[in-house]
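Data from run.txt: compact mmCIF, C-alpha atoms (C1' of nucleotides)
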```
# COMPACT_ATOMS: atom_id res chain seq x y z
CA MET H 21 89.81 114.42 89.13
CA THR H 22 87.07 112.36 90.75
CA LEU H 23 87.52 109.05 92.53
CA ASP H 24 85.62 107.31 89.72
CA GLU H 25 88.01 108.67 87.10
CA ALA H 26 90.98 107.60 89.15
CA TRP H 27 89.65 104.07 89.55
CA ARG H 28 88.86 103.87 85.86
CA ILE H 29 92.48 104.73 85.03
CA LEU H 30 93.76 102.21 87.57
CA GLN H 31 91.50 99.50 86.22
CA GLU H 32 92.57 100.22 82.62
CA ASN H 33 96.14 99.66 83.73
CA GLN H 34 95.49 96.42 85.59
CA PHE H 35 95.92 97.87 89.06
CA LYS H 36 94.05 95.99 91.76
CA ARG H 37 91.49 97.63 93.98
CA THR H 38 92.96 97.44 97.45
CA LYS H 39 91.95 98.98 100.76
CA ASN H 40 95.19 100.98 100.91
CA ARG H 41 94.63 102.51 97.50
CA GLU H 42 91.07 103.38 98.43
CA THR H 43 92.28 105.13 101.56
CA ILE H 44 95.01 107.07 99.74
CA LEU H 45 92.69 108.26 96.97
CA GLU H 46 89.98 109.16 99.48
CA PHE H 47 92.47 111.31 101.36
CA PHE H 48 93.54 113.19 98.24
CA ALA H 49 89.94 113.61 97.09
CA GLU H 50 89.10 115.30 100.40
CA ASN H 51 92.15 117.58 100.43
CA ASP H 52 92.55 120.10 97.64
CA LYS H 53 96.22 120.73 98.35
CA TYR H 54 99.74 119.36 98.12
CA LEU H 55 100.44 116.67 100.74
CA THR H 56 103.56 114.84 101.89
CA ALA H 57 104.04 111.10 102.25
CA MET H 58 104.06 111.61 106.01
CA GLU H 59 100.66 113.30 105.96
CA VAL H 60 99.28 110.44 103.90
CA ARG H 61 100.79 107.98 106.37
CA ASN H 62 99.28 109.74 109.38
CA PHE H 63 95.84 109.58 107.82
CA MET H 64 96.19 105.92 106.89
CA ALA H 65 97.56 105.03 110.31
CA ILE H 66 94.19 105.86 111.88
CA ASP H 67 92.73 102.65 110.50
CA ASN H 68 95.97 100.80 109.85
CA PRO H 69 98.79 101.68 112.29
CA GLY H 70 101.14 99.20 110.63
CA ILE H 71 100.99 100.82 107.18
CA SER H 72 104.35 100.65 105.40
CA PHE H 73 106.09 103.62 103.84
CA ASP H 74 107.02 101.38 100.98
CA THR H 75 103.35 100.90 100.19
CA ILE H 76 102.70 104.63 100.34
CA TYR H 77 105.65 105.70 98.19
CA ARG H 78 105.06 102.94 95.66
CA ASN H 79 101.43 103.89 95.22
CA LEU H 80 102.13 107.62 95.13
CA ALA H 81 104.69 107.01 92.39
CA SER H 82 102.24 104.83 90.44
CA PHE H 83 99.44 107.39 90.75
CA SER H 84 101.80 110.14 89.66
CA ASN H 85 102.93 108.16 86.61
CA LEU H 86 99.32 107.49 85.65
CA GLY H 87 98.45 111.18 85.87
CA ILE H 88 96.11 110.69 88.82
CA LEU H 89 98.33 112.76 91.10
CA GLU H 90 100.50 115.80 90.46
CA GLU H 91 103.88 116.07 92.10
CA THR H 92 106.12 118.93 93.16
CA GLU H 93 109.00 119.69 95.47
CA LEU H 94 108.41 122.09 98.36
CA ASN H 95 111.10 122.78 100.97
CA GLY H 96 113.02 119.71 99.86
CA GLU H 97 110.09 117.34 100.32
CA ARG H 98 107.99 115.65 97.67
CA HIS H 99 104.37 116.77 97.70
CA PHE H 100 101.44 115.23 95.88
CA ARG H 101 97.94 116.40 95.09
CA MET H 102 95.01 115.17 93.04
CA GLN H 103 95.33 116.10 89.37
CA CYS H 104 93.00 119.09 88.95
CA ASP H 105 91.62 119.18 85.44
CA HIS H 106 92.79 116.14 83.63
CA GLY H 107 94.28 116.96 80.25
CA VAL H 108 94.20 120.73 80.64
CA HIS H 109 97.66 122.19 81.04
CA HIS H 110 97.95 124.65 83.92
CA HIS H 111 100.13 125.89 86.78
CA HIS H 112 99.57 126.63 90.45
CA PHE H 113 99.57 129.35 93.01
CA ILE H 114 100.53 127.57 96.25
CA CYS H 115 99.68 129.10 99.64
CA THR H 116 102.74 128.85 101.89
CA THR H 117 100.52 128.87 104.99
CA CYS H 118 97.69 126.40 104.34
CA GLY H 119 99.10 124.66 101.28
CA LYS H 120 95.94 125.12 99.22
CA THR H 121 96.37 125.81 95.53
CA ARG H 122 94.72 127.95 92.90
CA ASN H 123 94.97 127.22 89.22
CA ILE H 124 96.87 129.53 86.89
CA LEU H 125 95.57 128.93 83.41
CA HIS H 126 98.09 131.08 81.59
CA CYS H 127 101.24 129.19 80.63
CA PRO H 128 104.38 131.29 80.06
CA MET H 129 105.92 128.75 77.69
CA GLU H 130 103.83 129.85 74.73
CA SER H 131 105.63 133.16 74.43
CA ILE H 132 109.06 131.84 75.43
CA SER H 133 109.88 128.87 73.26
CA VAL H 134 110.41 130.95 70.16
CA ASN H 135 113.37 132.57 71.90
CA LEU H 136 115.25 129.28 72.27
CA PRO H 137 116.39 128.32 68.77
CA GLY H 138 118.51 125.19 68.75
CA TYR H 139 117.30 124.13 72.18
CA GLU H 140 115.13 121.08 72.78
CA VAL H 141 112.58 121.83 75.50
CA GLU H 142 111.60 118.77 77.56
CA GLY H 143 109.59 120.38 80.30
CA HIS H 144 109.09 123.38 82.51
CA LYS H 145 107.99 124.41 85.96
CA PHE H 146 106.08 127.52 86.91
CA GLU H 147 104.81 128.01 90.44
CA ILE H 148 103.78 131.07 92.41
CA TYR H 149 104.10 131.08 96.19
CA GLY H 150 102.36 133.34 98.68
CA LYS H 151 99.33 133.76 100.90
CA CYS H 152 95.76 133.05 99.84
CA PRO H 153 92.94 135.47 100.79
CA ILE H 154 91.77 133.21 103.64
CA CYS H 155 95.23 133.06 105.25
CA ILE H 156 95.72 136.82 104.86
CA GLY H 157 92.27 137.29 106.44
CA MET S 28 128.96 137.88 89.64
CA THR S 29 132.71 138.25 89.89
CA LEU S 30 134.92 137.02 92.71
CA ASP S 31 135.60 140.61 93.72
CA GLU S 32 131.91 141.35 94.08
CA ALA S 33 131.40 138.21 96.14
CA TRP S 34 134.23 139.10 98.50
CA ARG S 35 132.94 142.64 98.85
CA ILE S 36 129.56 141.30 99.96
CA LEU S 37 131.20 138.87 102.36
CA GLN S 38 133.36 141.58 103.84
CA GLU S 39 130.38 143.91 104.26
CA ASN S 40 128.70 141.18 106.26
CA GLN S 41 131.70 140.44 108.48
CA PHE S 42 132.55 137.10 106.91
CA LYS S 43 136.19 136.16 107.20
CA ARG S 44 138.39 135.38 104.21
CA THR S 45 139.25 131.70 104.62
CA LYS S 46 140.92 129.21 102.33
CA ASN S 47 137.75 127.10 102.13
CA ARG S 48 135.62 130.05 101.06
CA GLU S 49 138.20 131.00 98.46
CA THR S 50 138.14 127.47 97.04
CA ILE S 51 134.34 127.31 96.95
CA LEU S 52 133.96 130.67 95.21
CA GLU S 53 136.75 129.86 92.78
CA PHE S 54 134.94 126.65 91.81
CA PHE S 55 131.66 128.45 91.16
CA ALA S 56 133.41 131.23 89.26
CA GLU S 57 134.89 128.65 86.91
CA ASN S 58 131.68 126.69 86.36
CA ASP S 59 128.72 128.42 84.76
CA LYS S 60 126.19 125.81 85.88
CA TYR S 61 124.26 124.37 88.80
CA LEU S 62 126.42 122.21 91.06
CA THR S 63 125.70 119.89 93.97
CA ALA S 64 127.34 119.90 97.39
CA MET S 65 129.03 116.64 96.42
CA GLU S 66 130.60 118.20 93.32
CA VAL S 67 131.88 121.06 95.45
CA ARG S 68 133.27 118.57 97.95
CA ASN S 69 135.06 116.56 95.26
CA PHE S 70 136.75 119.70 93.98
CA MET S 71 137.77 120.83 97.45
CA ALA S 72 139.02 117.36 98.37
CA ILE S 73 141.81 117.67 95.79
CA ASP S 74 143.67 120.06 98.07
CA ASN S 75 141.94 119.16 101.32
CA PRO S 76 140.75 115.54 101.58
CA GLY S 77 139.48 116.08 105.12
CA ILE S 78 137.02 118.81 104.15
CA SER S 79 133.81 118.56 106.15
CA PHE S 80 130.32 118.56 104.66
CA ASP S 81 129.29 120.82 107.47
CA THR S 82 131.69 123.46 106.21
CA ILE S 83 130.42 123.13 102.65
CA TYR S 84 126.71 123.22 103.44
CA ARG S 85 127.12 126.05 105.93
CA ASN S 86 129.00 128.20 103.44
CA LEU S 87 126.68 127.37 100.55
CA ALA S 88 123.72 128.42 102.70
CA SER S 89 125.49 131.65 103.71
CA PHE S 90 126.38 132.48 100.12
CA SER S 91 122.82 131.77 99.04
CA ASN S 92 121.39 134.01 101.74
CA LEU S 93 123.74 136.81 100.74
CA GLY S 94 122.70 136.54 97.10
CA ILE S 95 126.12 135.38 95.96
CA LEU S 96 124.77 132.01 94.88
CA GLU S 97 121.46 130.97 93.37
CA GLU S 98 119.80 127.78 94.52
CA THR S 99 117.40 125.31 92.95
CA GLU S 100 116.19 121.76 93.36
CA LEU S 101 116.94 119.26 90.56
CA ASN S 102 116.06 115.57 90.89
CA GLY S 103 115.65 115.92 94.64
CA GLU S 104 119.08 117.45 95.17
CA ARG S 105 119.97 121.02 96.01
CA HIS S 106 122.01 122.71 93.31
CA PHE S 107 123.90 125.99 93.51
CA ARG S 108 125.38 128.32 90.94
CA MET S 109 126.95 131.76 90.92
CA GLN S 110 124.38 134.52 90.77
CA CYS S 111 124.45 135.60 87.12
CA ASP S 112 123.65 139.26 86.78
CA HIS S 113 123.30 140.67 90.21
CA GLY S 114 120.16 142.74 90.58
CA VAL S 115 118.65 141.80 87.24
CA HIS S 116 115.67 139.48 87.63
CA HIS S 117 115.72 136.51 85.27
CA HIS S 118 115.00 132.79 84.91
CA HIS S 119 116.88 129.82 83.50
CA PHE S 120 116.83 127.19 80.86
CA ILE S 121 118.67 124.25 82.43
CA CYS S 122 120.23 121.53 80.28
CA THR S 123 119.34 118.13 81.72
CA THR S 124 122.47 116.60 80.21
CA CYS S 125 125.35 118.96 80.99
CA GLY S 126 123.67 121.17 83.59
CA LYS S 127 124.64 124.41 81.87
CA THR S 128 122.13 127.22 81.97
CA ARG S 129 120.92 129.94 79.65
CA ASN S 130 119.23 133.07 80.90
CA ILE S 131 115.57 133.72 80.16
CA LEU S 132 115.04 137.44 80.49
CA HIS S 133 111.27 137.39 80.13
CA CYS S 134 109.48 136.93 83.47
CA PRO S 135 105.94 135.54 83.32
CA MET S 136 104.91 137.20 86.58
CA GLU S 137 104.37 140.58 84.96
CA SER S 138 101.31 139.42 83.09
CA ILE S 139 100.04 137.08 85.81
CA SER S 140 99.82 139.01 89.05
CA VAL S 141 96.84 141.03 87.94
CA ASN S 142 94.85 137.80 87.84
CA LEU S 143 95.35 137.11 91.54
CA PRO S 144 93.26 139.71 93.39
CA GLY S 145 93.29 139.21 97.15
CA TYR S 146 96.42 137.05 96.99
CA GLU S 147 99.77 138.09 98.40
CA VAL S 148 102.56 136.89 96.13
CA GLU S 149 105.80 136.12 97.99
CA GLY S 150 107.80 134.48 95.24
CA HIS S 151 107.76 132.37 92.14
CA LYS S 152 109.74 129.80 90.25
CA PHE S 153 110.03 129.43 86.51
CA GLU S 154 112.47 127.01 84.97
CA ILE S 155 112.69 125.34 81.58
CA TYR S 156 114.37 121.95 81.23
CA GLY S 157 115.76 120.33 78.12
CA LYS S 158 118.83 119.89 75.95
CA CYS S 159 121.16 122.67 74.90
CA PRO S 160 122.45 122.86 71.30
CA ILE S 161 125.83 121.38 72.29
CA CYS S 162 124.28 118.32 73.93
CA ILE S 163 121.89 117.78 71.04
CA GLY S 164 125.04 117.64 68.92
C1' DT O 2 83.97 78.23 94.99
C1' DT O 3 88.10 77.27 94.84
C1' DA O 4 93.03 76.86 93.40
C1' DG O 5 96.63 79.24 91.16
C1' DT O 6 99.20 83.34 90.23
C1' DA O 7 100.87 87.77 90.16
C1' DA O 8 100.36 91.94 92.65
C1' DA O 9 100.44 94.21 96.90
C1' DC O 10 101.80 94.45 101.49
C1' DA O 11 104.36 94.74 106.28
C1' DG O 12 108.34 95.27 108.65
C1' DG O 13 112.62 96.64 108.88
C1' DA O 14 117.18 97.58 106.99
C1' DA O 15 119.70 100.54 104.01
C1' DC O 16 120.67 104.65 101.62
C1' DG O 17 122.00 109.42 100.27
C1' DA O 18 121.54 114.18 101.42
C1' DT O 19 121.68 117.19 105.09
C1' DT O 20 122.29 118.92 109.83
C1' DA O 21 124.03 118.97 114.60
C1' DC O 22 127.73 118.93 117.88
C1' DG O 23 131.85 119.01 120.79
C1' DA O 24 136.62 119.71 120.09
C1' DT O 25 140.11 122.15 117.58
C1' DT O 26 142.14 125.69 114.65
C1' DA O 27 142.59 130.24 112.44
C1' DC O 28 141.64 135.15 112.32
C1' DT O 29 141.24 139.73 114.12
C1' DA O 30 141.61 143.50 117.24
C1' DC O 31 143.84 145.04 120.95
C1' DG A 20 151.81 138.22 121.43
C1' DT A 21 147.27 137.22 123.46
C1' DA A 22 142.34 136.96 124.21
C1' DG A 23 138.12 136.40 122.13
C1' DT A 24 135.46 134.94 118.48
C1' DA A 25 134.54 132.87 114.04
C1' DA A 26 135.33 128.98 111.26
C1' DT A 27 136.43 124.42 110.72
C1' DC A 28 136.99 119.34 111.48
C1' DG A 29 135.45 114.72 112.24
C1' DT A 30 131.85 112.20 113.31
C1' DA A 31 127.33 110.93 114.58
C1' DA A 32 122.60 111.68 114.07
C1' DT A 33 118.52 112.85 111.50
C1' DC A 34 115.38 112.98 107.73
C1' DG A 35 112.98 111.57 103.67
C1' DT A 36 113.01 107.88 100.65
C1' DT A 37 113.96 103.34 98.67
C1' DC A 38 115.14 98.51 98.80
C1' DC A 39 114.62 93.75 100.41
C1' DT A 40 112.27 89.48 101.91
C1' DG A 41 108.77 86.69 103.34
C1' DT A 42 103.70 86.84 103.77
C1' DT A 43 99.10 88.11 102.43
C1' DT A 44 95.65 89.59 99.23
C1' DA A 45 92.90 90.37 95.02
C1' DC A 46 91.77 88.79 90.70
C1' DT A 47 91.13 84.86 87.11
C1' DA A 48 89.43 81.02 85.14
C1' DA A 49 88.32 76.38 85.72
```
Could I get this structure in the form of structure tokens?
Amino acid sequence: MTLDEAWRILQENQFKRTKNRETILEFFAENDKYLTAMEVRNFMAIDNPGISFDTIYRNLASFSNLGILEETELNGERHFRMQCDHGVHHHHFICTTCGKTRNILHCPMESISVNLPGYEVEGHKFEIYGKCPICIG
Amino acid sequence: MTLDEAWRILQENQFKRTKNRETILEFFAENDKYLTAMEVRNFMAIDNPGISFDTIYRNLASFSNLGILEETELNGERHFRMQCDHGVHHHHFICTTCGKTRNILHCPMESISVNLPGYEVEGHKFEIYGKCPICIG
DNA sequence: TTAGTAAACAGGAACGATTACGATTACTAC
DNA sequence: GTAGTAATCGTAATCGTTCCTGTTTACTAA
């Protein structure tokens, strides 16, 4: 997702254009990987040492709800990244060294759901962890 | 996994047979679902109100490392359950209401790994969330 | 352009889950 | 039994996250 798309979504939902939101989105646009709230804070603190965690978490949650960011849990910490291809369902390979991701277009749910009669499926999670070619290098 | 199998593994790894470990394993043997440290504590506190969280977390981590328990993250909390069929790779449907699980024998990795040339896969996670037939009512 | 209003923010306290630690207890091998 | 070690207790500390309160900011419409 581009910055323009993100701002369009925010505007459609009556979110104001603030300096903090610009900084957060800029950071995610530049980093194609899952990031923690602390990493976001450290980046924001360069220009604004007094940045509040409340501001960061509130905005990350809003962006996640709006589909601007994707969220996952790694090592017990919440991680966020820019939504890759808006609207196209996919999964991720996540490099355990550098954190970069690679899209997995195949979704295992298609061949599974038929085997769950009587069950109501609400969601699923499929992630692959390992080392990317650069980190193996 | 049965209690006997669990104790055999513990014995092979020089773990002592203590009352606390007996209580923890007994609780998991009786509950075919993912449980939190707090739920384990509440059960143990019936006989031993002074039980320490340190004891619980340390033993849960040991059991998980030994393959006696399986571990996953649900709603930001660590959950543990008895390893189902030791040695047989599988995944889970997890009911978001009662927490009970159902095995998914099909593993999506078989058809995926070929699409990741140059990547080194270390692990993967595949879970389906929803309502089981009992909770749908 | 300015005043009004709701949203956003800073700063810090609070919270729940988890871990660390020194002192104590229980097991095991001799 | 006794020594040595593993396990536990009780508590405090840590960590990531959320809540609270007063202040500031961005948008709106006159």
Counting only C-alpha atoms (C1' of nucleotides), which residues of chain S come no farther than 8 Å from chain O, as a tab-separated table (two decimals) with C-alpha atoms, keeping the file's coordinate frame?
```
chain	number	residue	atom	x	y	z
S	43	LYS	CA	136.19	136.16	107.20
S	81	ASP	CA	129.29	120.82	107.47
S	104	GLU	CA	119.08	117.45	95.17
```
Hey, could you lay chain S over chain H with a least-squares C-alpha fit (all atoms, paired in order) and save it as a PDB file with C-alpha atoms, in the frame of the given file?
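Writing the result to part-v3.pdb gives the following:
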```
ATOM      1  CA  MET S  28      89.874 114.365  88.966  1.00  0.00           C
ATOM      2  CA  THR S  29      87.143 112.280  90.533  1.00  0.00           C
ATOM      3  CA  LEU S  30      87.570 108.964  92.314  1.00  0.00           C
ATOM      4  CA  ASP S  31      85.756 107.225  89.476  1.00  0.00           C
ATOM      5  CA  GLU S  32      88.178 108.589  86.913  1.00  0.00           C
ATOM      6  CA  ALA S  33      91.138 107.531  89.030  1.00  0.00           C
ATOM      7  CA  TRP S  34      89.825 103.993  89.393  1.00  0.00           C
ATOM      8  CA  ARG S  35      89.115 103.784  85.682  1.00  0.00           C
ATOM      9  CA  ILE S  36      92.738 104.663  84.938  1.00  0.00           C
ATOM     10  CA  LEU S  37      93.975 102.165  87.504  1.00  0.00           C
ATOM     11  CA  GLN S  38      91.785  99.437  86.103  1.00  0.00           C
ATOM     12  CA  GLU S  39      92.925 100.166  82.546  1.00  0.00           C
ATOM     13  CA  ASN S  40      96.479  99.665  83.726  1.00  0.00           C
ATOM     14  CA  GLN S  41      95.804  96.411  85.578  1.00  0.00           C
ATOM     15  CA  PHE S  42      96.130  97.855  89.064  1.00  0.00           C
ATOM     16  CA  LYS S  43      94.162  95.985  91.681  1.00  0.00           C
ATOM     17  CA  ARG S  44      91.538  97.616  93.882  1.00  0.00           C
ATOM     18  CA  THR S  45      92.995  97.400  97.386  1.00  0.00           C
ATOM     19  CA  LYS S  46      91.957  98.940 100.670  1.00  0.00           C
ATOM     20  CA  ASN S  47      95.184 100.963 100.868  1.00  0.00           C
ATOM     21  CA  ARG S  48      94.678 102.473  97.426  1.00  0.00           C
ATOM     22  CA  GLU S  49      91.096 103.324  98.299  1.00  0.00           C
ATOM     23  CA  THR S  50      92.239 105.108 101.460  1.00  0.00           C
ATOM     24  CA  ILE S  51      94.977 107.047  99.667  1.00  0.00           C
ATOM     25  CA  LEU S  52      92.694 108.227  96.864  1.00  0.00           C
ATOM     26  CA  GLU S  53      89.939 109.094  99.314  1.00  0.00           C
ATOM     27  CA  PHE S  54      92.382 111.288 101.247  1.00  0.00           C
ATOM     28  CA  PHE S  55      93.483 113.165  98.134  1.00  0.00           C
ATOM     29  CA  ALA S  56      89.902 113.539  96.933  1.00  0.00           C
ATOM     30  CA  GLU S  57      89.015 115.237 100.205  1.00  0.00           C
ATOM     31  CA  ASN S  58      92.024 117.558 100.304  1.00  0.00           C
ATOM     32  CA  ASP S  59      92.470 120.110  97.546  1.00  0.00           C
ATOM     33  CA  LYS S  60      96.138 120.760  98.312  1.00  0.00           C
ATOM     34  CA  TYR S  61      99.663 119.392  98.142  1.00  0.00           C
ATOM     35  CA  LEU S  62     100.325 116.723 100.765  1.00  0.00           C
ATOM     36  CA  THR S  63     103.432 114.911 101.961  1.00  0.00           C
ATOM     37  CA  ALA S  64     103.928 111.167 102.316  1.00  0.00           C
ATOM     38  CA  MET S  65     103.909 111.676 106.079  1.00  0.00           C
ATOM     39  CA  GLU S  66     100.492 113.355 105.988  1.00  0.00           C
ATOM     40  CA  VAL S  67      99.167 110.470 103.920  1.00  0.00           C
ATOM     41  CA  ARG S  68     100.662 108.016 106.396  1.00  0.00           C
ATOM     42  CA  ASN S  69      99.100 109.771 109.389  1.00  0.00           C
ATOM     43  CA  PHE S  70      95.681 109.586 107.766  1.00  0.00           C
ATOM     44  CA  MET S  71      96.073 105.931 106.847  1.00  0.00           C
ATOM     45  CA  ALA S  72      97.394 105.054 110.302  1.00  0.00           C
ATOM     46  CA  ILE S  73      93.997 105.882 111.822  1.00  0.00           C
ATOM     47  CA  ASP S  74      92.573 102.658 110.429  1.00  0.00           C
ATOM     48  CA  ASN S  75      95.842 100.828 109.857  1.00  0.00           C
ATOM     49  CA  PRO S  76      98.652 101.723 112.284  1.00  0.00           C
ATOM     50  CA  GLY S  77     101.005  99.204 110.686  1.00  0.00           C
ATOM     51  CA  ILE S  78     100.895 100.820 107.247  1.00  0.00           C
ATOM     52  CA  SER S  79     104.277 100.686 105.542  1.00  0.00           C
ATOM     53  CA  PHE S  80     106.031 103.658 103.966  1.00  0.00           C
ATOM     54  CA  ASP S  81     106.985 101.394 101.132  1.00  0.00           C
ATOM     55  CA  THR S  82     103.325 100.923 100.294  1.00  0.00           C
ATOM     56  CA  ILE S  83     102.661 104.657 100.419  1.00  0.00           C
ATOM     57  CA  TYR S  84     105.637 105.757  98.337  1.00  0.00           C
ATOM     58  CA  ARG S  85     105.122 102.986  95.800  1.00  0.00           C
ATOM     59  CA  ASN S  86     101.481 103.901  95.282  1.00  0.00           C
ATOM     60  CA  LEU S  87     102.144 107.640  95.203  1.00  0.00           C
ATOM     61  CA  ALA S  88     104.761 107.060  92.501  1.00  0.00           C
ATOM     62  CA  SER S  89     102.356 104.848  90.525  1.00  0.00           C
ATOM     63  CA  PHE S  90      99.553 107.388  90.774  1.00  0.00           C
ATOM     64  CA  SER S  91     101.917 110.148  89.707  1.00  0.00           C
ATOM     65  CA  ASN S  92     103.112 108.175  86.702  1.00  0.00           C
ATOM     66  CA  LEU S  93      99.533 107.480  85.666  1.00  0.00           C
ATOM     67  CA  GLY S  94      98.636 111.162  85.869  1.00  0.00           C
ATOM     68  CA  ILE S  95      96.239 110.665  88.758  1.00  0.00           C
ATOM     69  CA  LEU S  96      98.384 112.755  91.077  1.00  0.00           C
ATOM     70  CA  GLU S  97     100.528 115.815  90.478  1.00  0.00           C
ATOM     71  CA  GLU S  98     103.887 116.105  92.177  1.00  0.00           C
ATOM     72  CA  THR S  99     106.082 118.991  93.264  1.00  0.00           C
ATOM     73  CA  GLU S 100     108.944 119.756  95.601  1.00  0.00           C
ATOM     74  CA  LEU S 101     108.316 122.183  98.493  1.00  0.00           C
ATOM     75  CA  ASN S 102     110.976 122.878 101.128  1.00  0.00           C
ATOM     76  CA  GLY S 103     112.916 119.791 100.101  1.00  0.00           C
ATOM     77  CA  GLU S 104     109.960 117.445 100.482  1.00  0.00           C
ATOM     78  CA  ARG S 105     107.924 115.754  97.792  1.00  0.00           C
ATOM     79  CA  HIS S 106     104.301 116.841  97.775  1.00  0.00           C
ATOM     80  CA  PHE S 107     101.391 115.262  95.930  1.00  0.00           C
ATOM     81  CA  ARG S 108      97.904 116.412  95.066  1.00  0.00           C
ATOM     82  CA  MET S 109      95.032 115.153  92.953  1.00  0.00           C
ATOM     83  CA  GLN S 110      95.384 116.111  89.319  1.00  0.00           C
ATOM     84  CA  CYS S 111      93.009 119.062  88.946  1.00  0.00           C
ATOM     85  CA  ASP S 112      91.553 119.192  85.479  1.00  0.00           C
ATOM     86  CA  HIS S 113      92.757 116.192  83.628  1.00  0.00           C
ATOM     87  CA  GLY S 114      94.118 117.081  80.216  1.00  0.00           C
ATOM     88  CA  VAL S 115      94.041 120.833  80.706  1.00  0.00           C
ATOM     89  CA  HIS S 116      97.527 122.286  81.097  1.00  0.00           C
ATOM     90  CA  HIS S 117      97.849 124.743  83.970  1.00  0.00           C
ATOM     91  CA  HIS S 118     100.074 125.961  86.808  1.00  0.00           C
ATOM     92  CA  HIS S 119      99.559 126.713  90.484  1.00  0.00           C
ATOM     93  CA  PHE S 120      99.644 129.409  93.056  1.00  0.00           C
ATOM     94  CA  ILE S 121     100.594 127.607  96.272  1.00  0.00           C
ATOM     95  CA  CYS S 122      99.819 129.114  99.675  1.00  0.00           C
ATOM     96  CA  THR S 123     102.879 128.814 101.905  1.00  0.00           C
ATOM     97  CA  THR S 124     100.695 128.832 105.012  1.00  0.00           C
ATOM     98  CA  CYS S 125      97.831 126.412 104.373  1.00  0.00           C
ATOM     99  CA  GLY S 126      99.169 124.650 101.279  1.00  0.00           C
ATOM    100  CA  LYS S 127      95.997 125.178  99.265  1.00  0.00           C
ATOM    101  CA  THR S 128      96.403 125.883  95.584  1.00  0.00           C
ATOM    102  CA  ARG S 129      94.752 128.061  92.981  1.00  0.00           C
ATOM    103  CA  ASN S 130      94.973 127.330  89.288  1.00  0.00           C
ATOM    104  CA  ILE S 131      96.883 129.641  86.970  1.00  0.00           C
ATOM    105  CA  LEU S 132      95.532 129.054  83.497  1.00  0.00           C
ATOM    106  CA  HIS S 133      98.061 131.195  81.664  1.00  0.00           C
ATOM    107  CA  CYS S 134     101.194 129.250  80.676  1.00  0.00           C
ATOM    108  CA  PRO S 135     104.342 131.301  80.067  1.00  0.00           C
ATOM    109  CA  MET S 136     105.819 128.739  77.680  1.00  0.00           C
ATOM    110  CA  GLU S 137     103.698 129.889  74.762  1.00  0.00           C
ATOM    111  CA  SER S 138     105.550 133.156  74.442  1.00  0.00           C
ATOM    112  CA  ILE S 139     108.966 131.776  75.401  1.00  0.00           C
ATOM    113  CA  SER S 140     109.721 128.799  73.201  1.00  0.00           C
ATOM    114  CA  VAL S 141     110.272 130.894  70.119  1.00  0.00           C
ATOM    115  CA  ASN S 142     113.277 132.428  71.857  1.00  0.00           C
ATOM    116  CA  LEU S 143     115.075 129.100  72.184  1.00  0.00           C
ATOM    117  CA  PRO S 144     116.141 128.125  68.653  1.00  0.00           C
ATOM    118  CA  GLY S 145     118.205 124.944  68.571  1.00  0.00           C
ATOM    119  CA  TYR S 146     116.999 123.892  72.025  1.00  0.00           C
ATOM    120  CA  GLU S 147     114.777 120.900  72.658  1.00  0.00           C
ATOM    121  CA  VAL S 148     112.298 121.688  75.417  1.00  0.00           C
ATOM    122  CA  GLU S 149     111.293 118.632  77.467  1.00  0.00           C
ATOM    123  CA  GLY S 150     109.364 120.282  80.262  1.00  0.00           C
ATOM    124  CA  HIS S 151     108.954 123.292  82.462  1.00  0.00           C
ATOM    125  CA  LYS S 152     107.931 124.350  85.916  1.00  0.00           C
ATOM    126  CA  PHE S 153     106.091 127.490  86.897  1.00  0.00           C
ATOM    127  CA  GLU S 154     104.836 128.001  90.411  1.00  0.00           C
ATOM    128  CA  ILE S 155     103.876 131.068  92.411  1.00  0.00           C
ATOM    129  CA  TYR S 156     104.232 131.067  96.193  1.00  0.00           C
ATOM    130  CA  GLY S 157     102.552 133.319  98.710  1.00  0.00           C
ATOM    131  CA  LYS S 158      99.537 133.771 100.953  1.00  0.00           C
ATOM    132  CA  CYS S 159      95.958 133.132  99.930  1.00  0.00           C
ATOM    133  CA  PRO S 160      93.192 135.584 100.928  1.00  0.00           C
ATOM    134  CA  ILE S 161      92.023 133.317 103.773  1.00  0.00           C
ATOM    135  CA  CYS S 162      95.477 133.113 105.349  1.00  0.00           C
ATOM    136  CA  ILE S 163      96.042 136.842 104.988  1.00  0.00           C
ATOM    137  CA  GLY S 164      92.842 137.167 107.010  1.00  0.00           C
TER     138      GLY S 164
END
```
- Considering all atoms listed in the file, extract the chain A residues located within 12 Å of chain H and return them as an MDAnalysis selection string. chainID A and resid 34:39 44:46
At a cut-off of 8 Å, list the chain H residues touching chain S, using only C-alpha atoms, as a short mmCIF file (atom, residue, chain, number, x, y, z; two decimals) with C-alpha atoms, in the frame of the given file.
```cif
data_model
loop_
_atom_site.label_atom_id
_atom_site.label_comp_id
_atom_site.auth_asym_id
_atom_site.auth_seq_id
_atom_site.Cartn_x
_atom_site.Cartn_y
_atom_site.Cartn_z
CA GLU H 93 109.00 119.69 95.47
CA GLY H 96 113.02 119.71 99.86
CA HIS H 126 98.09 131.08 81.59
CA PRO H 128 104.38 131.29 80.06
CA ILE H 132 109.06 131.84 75.43
CA GLY H 138 118.51 125.19 68.75
CA TYR H 139 117.30 124.13 72.18
CA GLU H 140 115.13 121.08 72.78
CA VAL H 141 112.58 121.83 75.50
CA GLU H 142 111.60 118.77 77.56
CA GLY H 143 109.59 120.38 80.30
CA HIS H 144 109.09 123.38 82.51
CA LYS H 145 107.99 124.41 85.96
CA PHE H 146 106.08 127.52 86.91
CA GLU H 147 104.81 128.01 90.44
CA ILE H 148 103.78 131.07 92.41
CA TYR H 149 104.10 131.08 96.19
CA GLY H 150 102.36 133.34 98.68
CA LYS H 151 99.33 133.76 100.90
CA CYS H 152 95.76 133.05 99.84
CA PRO H 153 92.94 135.47 100.79
CA ILE H 156 95.72 136.82 104.86
#
```
